[in-house]
Protein chains: 2
Amino acid sequence: MIEAVSKLFAKEDKIEDLISVFKEMVEPTKKEKGYILYEMYQDKDNPSVLIVLEQWESKEDFDAHCSSEHFYRIVPQMLACMDKESEVNICHRVA
Amino acid sequence: MIEAVSKLFAKEDKIEDLISVFKEMVEPTKKEKGYILYEMYQDKDNPSVLIVLEQWESKEDFDAHCSSEHFYRIVPQMLACMDKESEVNICHRVA
């Protein structure tokens, strides 16, 4: 199982847009092979910081997700709402 | 429900120590009121980056955790294994 933790930085005036566009990713992602979890969280003190938590059964499943039709269609729209590059950590559980 | 996402930066020679000390936190934390999830993940490409994911039923439960006996006893030992300040995001789910 892998965990992807992505910290996204929204433009101040595009926070709600980024959340809405992300929501378009959820349904098609849930249908993908190896999908376990795909959620977005917003920092209470800094609403422009949005954290996406993903869990996939394997790195191959995650890579397939990152090459999916909806990924290529929707992620560019998410990028347009962002202020700077996201921080992405691909992790495995240790405790 | 709140989600705490903490990105820890271990000293290169203290990575395994930080993981071991964190593991001492897990059992007492699981017994606390409002505990939902308390896990540590390691970045596959950068093993000194460790991400702690926590879920608590309320902010009050999370705050009580941060004032618990085991928190005061163990967290300083974790801090001693760290290279720089952690990034902590206290979040709520938006998608």
# chains A, B, ... in the order shown; residues from 1 in each chain; ligands from 1
call {"tool": "interface_residues", "arguments": {"of": "chain A", "to": "chain B", "cutoff": "6 Å", "atoms": "only C-alpha atoms", "output": "list of chain:residue names"}}
result
A:Glu39, A:Met40, A:Tyr41, A:Gln42, A:Asp43, A:Lys44, A:Asn89, A:Ile90, A:Cys91, A:His92, A:Arg93, A:Val94, A:Ala95
call {"tool": "write_last_selection", "arguments": {"atoms": "C-alpha atoms", "output": "tab-separated table (two decimals), in the first residue's frame"}}
result
chain	number	residue	atom	x	y	z
A	39	GLU	CA	-9.65	12.88	0.17
A	40	MET	CA	-8.94	16.62	0.42
A	41	TYR	CA	-8.44	18.56	3.65
A	42	GLN	CA	-8.19	22.31	4.23
A	43	ASP	CA	-5.90	23.93	6.79
A	44	LYS	CA	-8.07	25.64	9.42
A	89	ASN	CA	5.38	12.90	-0.77
A	90	ILE	CA	4.95	9.30	-1.91
A	91	CYS	CA	5.18	7.28	1.24
A	92	HIS	CA	4.85	3.88	2.85
A	93	ARG	CA	3.62	3.27	6.36
A	94	VAL	CA	6.23	2.76	9.12
A	95	ALA	CA	4.07	2.98	12.27
call {"tool": "residues_around", "arguments": {"residues": "B:Asp83", "least_positions_apart": "5", "cutoff": "9 Å", "atoms": "only C-alpha atoms", "output": "VMD selection string"}}
result
chain B and resid 8 to 12
call {"tool": "write_last_selection", "arguments": {"atoms": "C-alpha atoms", "output": "PDB file, in the first residue's frame"}}
result
ATOM      1  CA  LEU B   8       8.739  15.778  10.285  1.00  0.00           C
ATOM      2  CA  PHE B   9      12.344  16.199   9.154  1.00  0.00           C
ATOM      3  CA  ALA B  10      14.660  13.679  10.819  1.00  0.00           C
ATOM      4  CA  LYS B  11      18.415  14.119  11.202  1.00  0.00           C
ATOM      5  CA  GLU B  12      20.070  11.750   8.704  1.00  0.00           C
TER       6      GLU B  12
END
call {"tool": "select_by_dssp", "arguments": {"residues": "chain B", "states": "strand (DSSP E)", "output": "PDB file with N, CA and C atoms, in the first residue's frame"}}
result
ATOM      1  N   ILE B   2     -11.240  16.241  13.041  1.00  0.00           N
ATOM      2  CA  ILE B   2     -10.129  17.023  12.509  1.00  0.00           C
ATOM      3  C   ILE B   2      -9.011  16.078  12.091  1.00  0.00           C
ATOM      4  N   GLU B   3      -8.246  16.542  11.117  1.00  0.00           N
ATOM      5  CA  GLU B   3      -7.082  15.818  10.603  1.00  0.00           C
ATOM      6  C   GLU B   3      -5.850  16.658  10.865  1.00  0.00           C
ATOM      7  N   ALA B   4      -4.874  16.056  11.504  1.00  0.00           N
ATOM      8  CA  ALA B   4      -3.589  16.752  11.675  1.00  0.00           C
ATOM      9  C   ALA B   4      -2.577  16.070  10.766  1.00  0.00           C
ATOM     10  N   VAL B   5      -1.930  16.863   9.940  1.00  0.00           N
ATOM     11  CA  VAL B   5      -0.905  16.343   9.025  1.00  0.00           C
ATOM     12  C   VAL B   5       0.416  17.008   9.414  1.00  0.00           C
ATOM     13  N   SER B   6       1.337  16.219   9.916  1.00  0.00           N
ATOM     14  CA  SER B   6       2.610  16.783  10.384  1.00  0.00           C
ATOM     15  C   SER B   6       3.751  16.203   9.581  1.00  0.00           C
ATOM     16  N   LYS B   7       4.533  17.077   8.959  1.00  0.00           N
ATOM     17  CA  LYS B   7       5.692  16.630   8.185  1.00  0.00           C
ATOM     18  C   LYS B   7       6.934  16.844   9.042  1.00  0.00           C
ATOM     19  N   LEU B   8       7.559  15.743   9.416  1.00  0.00           N
ATOM     20  CA  LEU B   8       8.739  15.778  10.285  1.00  0.00           C
ATOM     21  C   LEU B   8      10.004  15.592   9.450  1.00  0.00           C
ATOM     22  N   PHE B   9      11.071  16.264   9.869  1.00  0.00           N
ATOM     23  CA  PHE B   9      12.344  16.199   9.154  1.00  0.00           C
ATOM     24  C   PHE B   9      13.400  15.622  10.105  1.00  0.00           C
ATOM     25  N   ALA B  10      13.723  14.339   9.911  1.00  0.00           N
ATOM     26  CA  ALA B  10      14.660  13.679  10.819  1.00  0.00           C
ATOM     27  C   ALA B  10      16.101  14.017  10.457  1.00  0.00           C
ATOM     28  N   TYR B  35      -9.771   9.551  19.845  1.00  0.00           N
ATOM     29  CA  TYR B  35      -8.767   9.004  18.922  1.00  0.00           C
ATOM     30  C   TYR B  35      -9.439   8.313  17.745  1.00  0.00           C
ATOM     31  N   ILE B  36      -9.005   8.570  16.539  1.00  0.00           N
ATOM     32  CA  ILE B  36      -9.533   7.871  15.343  1.00  0.00           C
ATOM     33  C   ILE B  36      -8.382   7.218  14.582  1.00  0.00           C
ATOM     34  N   LEU B  37      -7.287   8.002  14.385  1.00  0.00           N
ATOM     35  CA  LEU B  37      -6.179   7.488  13.555  1.00  0.00           C
ATOM     36  C   LEU B  37      -4.878   8.161  13.977  1.00  0.00           C
ATOM     37  N   TYR B  38      -3.796   7.356  13.971  1.00  0.00           N
ATOM     38  CA  TYR B  38      -2.504   7.924  14.410  1.00  0.00           C
ATOM     39  C   TYR B  38      -1.419   7.084  13.764  1.00  0.00           C
ATOM     40  N   GLU B  39      -0.933   7.510  12.603  1.00  0.00           N
ATOM     41  CA  GLU B  39      -0.028   6.702  11.791  1.00  0.00           C
ATOM     42  C   GLU B  39       1.153   7.522  11.306  1.00  0.00           C
ATOM     43  N   MET B  40       2.288   6.845  11.023  1.00  0.00           N
ATOM     44  CA  MET B  40       3.467   7.526  10.483  1.00  0.00           C
ATOM     45  C   MET B  40       3.847   6.904   9.152  1.00  0.00           C
ATOM     46  N   TYR B  41       4.162   7.736   8.205  1.00  0.00           N
ATOM     47  CA  TYR B  41       4.561   7.321   6.857  1.00  0.00           C
ATOM     48  C   TYR B  41       5.929   7.909   6.533  1.00  0.00           C
ATOM     49  N   GLN B  42       6.699   7.165   5.734  1.00  0.00           N
ATOM     50  CA  GLN B  42       8.041   7.612   5.348  1.00  0.00           C
ATOM     51  C   GLN B  42       8.097   7.842   3.848  1.00  0.00           C
ATOM     52  N   ASP B  43       8.645   8.980   3.437  1.00  0.00           N
ATOM     53  CA  ASP B  43       8.787   9.292   2.025  1.00  0.00           C
ATOM     54  C   ASP B  43       9.751   8.296   1.389  1.00  0.00           C
ATOM     55  N   VAL B  49      12.165  12.286   5.590  1.00  0.00           N
ATOM     56  CA  VAL B  49      10.858  12.959   5.690  1.00  0.00           C
ATOM     57  C   VAL B  49       9.837  11.941   6.198  1.00  0.00           C
ATOM     58  N   LEU B  50       9.256  12.217   7.361  1.00  0.00           N
ATOM     59  CA  LEU B  50       8.276  11.331   7.978  1.00  0.00           C
ATOM     60  C   LEU B  50       6.995  12.128   8.195  1.00  0.00           C
ATOM     61  N   ILE B  51       5.885  11.561   7.774  1.00  0.00           N
ATOM     62  CA  ILE B  51       4.604  12.272   7.863  1.00  0.00           C
ATOM     63  C   ILE B  51       3.697  11.545   8.855  1.00  0.00           C
ATOM     64  N   VAL B  52       3.234  12.282   9.841  1.00  0.00           N
ATOM     65  CA  VAL B  52       2.303  11.731  10.830  1.00  0.00           C
ATOM     66  C   VAL B  52       0.899  12.203  10.478  1.00  0.00           C
ATOM     67  N   LEU B  53       0.009  11.241  10.304  1.00  0.00           N
ATOM     68  CA  LEU B  53      -1.402  11.540  10.039  1.00  0.00           C
ATOM     69  C   LEU B  53      -2.200  11.198  11.296  1.00  0.00           C
ATOM     70  N   GLU B  54      -2.974  12.162  11.758  1.00  0.00           N
ATOM     71  CA  GLU B  54      -3.811  11.934  12.928  1.00  0.00           C
ATOM     72  C   GLU B  54      -5.237  12.345  12.588  1.00  0.00           C
ATOM     73  N   GLN B  55      -6.184  11.603  13.172  1.00  0.00           N
ATOM     74  CA  GLN B  55      -7.590  12.031  13.089  1.00  0.00           C
ATOM     75  C   GLN B  55      -8.170  11.965  14.493  1.00  0.00           C
ATOM     76  N   TRP B  56      -8.881  13.030  14.843  1.00  0.00           N
ATOM     77  CA  TRP B  56      -9.504  13.128  16.167  1.00  0.00           C
ATOM     78  C   TRP B  56     -10.952  13.562  15.999  1.00  0.00           C
ATOM     79  N   MET B  82      15.135  15.494  15.354  1.00  0.00           N
ATOM     80  CA  MET B  82      14.747  16.262  14.182  1.00  0.00           C
ATOM     81  C   MET B  82      15.786  17.297  13.771  1.00  0.00           C
ATOM     82  N   ASP B  83      15.800  17.532  12.468  1.00  0.00           N
ATOM     83  CA  ASP B  83      16.758  18.424  11.836  1.00  0.00           C
ATOM     84  C   ASP B  83      16.277  19.868  11.850  1.00  0.00           C
ATOM     85  N   LYS B  84      14.978  20.045  11.732  1.00  0.00           N
ATOM     86  CA  LYS B  84      14.384  21.392  11.731  1.00  0.00           C
ATOM     87  C   LYS B  84      12.930  21.272  12.163  1.00  0.00           C
ATOM     88  N   GLU B  85      12.278  22.416  12.284  1.00  0.00           N
ATOM     89  CA  GLU B  85      10.902  22.466  12.755  1.00  0.00           C
ATOM     90  C   GLU B  85       9.970  21.693  11.821  1.00  0.00           C
ATOM     91  N   SER B  86       9.005  20.990  12.409  1.00  0.00           N
ATOM     92  CA  SER B  86       8.023  20.253  11.631  1.00  0.00           C
ATOM     93  C   SER B  86       7.021  21.224  11.014  1.00  0.00           C
ATOM     94  N   GLU B  87       6.374  20.759   9.932  1.00  0.00           N
ATOM     95  CA  GLU B  87       5.272  21.527   9.334  1.00  0.00           C
ATOM     96  C   GLU B  87       3.984  20.845   9.787  1.00  0.00           C
ATOM     97  N   VAL B  88       3.158  21.562  10.522  1.00  0.00           N
ATOM     98  CA  VAL B  88       1.922  20.978  11.048  1.00  0.00           C
ATOM     99  C   VAL B  88       0.712  21.707  10.449  1.00  0.00           C
ATOM    100  N   ASN B  89      -0.175  20.931   9.841  1.00  0.00           N
ATOM    101  CA  ASN B  89      -1.417  21.503   9.309  1.00  0.00           C
ATOM    102  C   ASN B  89      -2.595  20.841  10.023  1.00  0.00           C
ATOM    103  N   ILE B  90      -3.386  21.678  10.716  1.00  0.00           N
ATOM    104  CA  ILE B  90      -4.596  21.179  11.367  1.00  0.00           C
ATOM    105  C   ILE B  90      -5.741  21.454  10.400  1.00  0.00           C
ATOM    106  N   CYS B  91      -6.379  20.388   9.960  1.00  0.00           N
ATOM    107  CA  CYS B  91      -7.285  20.521   8.832  1.00  0.00           C
ATOM    108  C   CYS B  91      -8.676  19.958   9.117  1.00  0.00           C
ATOM    109  N   HIS B  92      -9.607  20.310   8.226  1.00  0.00           N
ATOM    110  CA  HIS B  92     -10.907  19.637   8.211  1.00  0.00           C
ATOM    111  C   HIS B  92     -11.133  19.174   6.779  1.00  0.00           C
ATOM    112  N   ARG B  93     -11.959  18.147   6.641  1.00  0.00           N
ATOM    113  CA  ARG B  93     -12.143  17.564   5.320  1.00  0.00           C
ATOM    114  C   ARG B  93     -13.074  18.422   4.462  1.00  0.00           C
TER     115      ARG B  93
END
call {"tool": "select_by_dssp", "arguments": {"residues": "chain A", "states": "alpha helix (DSSP H)", "output": "PyMOL selection string"}}
result
chain A and resi 15-30+59-65+69-79
call {"tool": "residues_around", "arguments": {"residues": "A:Gly34", "least_positions_apart": "4", "cutoff": "8 Å", "atoms": "only C-alpha atoms", "output": "ChimeraX atom specification"}}
result
/A:56-58,61-62
call {"tool": "write_last_selection", "arguments": {"atoms": "C-alpha atoms", "output": "compact mmCIF listing (two decimals), in the first residue's frame"}}
result
# COMPACT_ATOMS: atom_id res chain seq x y z
CA TRP A 56 -3.39 2.97 -3.40
CA GLU A 57 -2.81 -0.77 -3.19
CA SER A 58 0.42 -0.43 -5.24
CA ASP A 61 -1.98 1.55 -9.40
CA PHE A 62 -0.94 5.08 -8.38
call {"tool": "atom_distance", "arguments": {"atom1": "atom CA of A:Met1", "atom2": "atom CA of A:Ile74"}}
result
24.6 Å
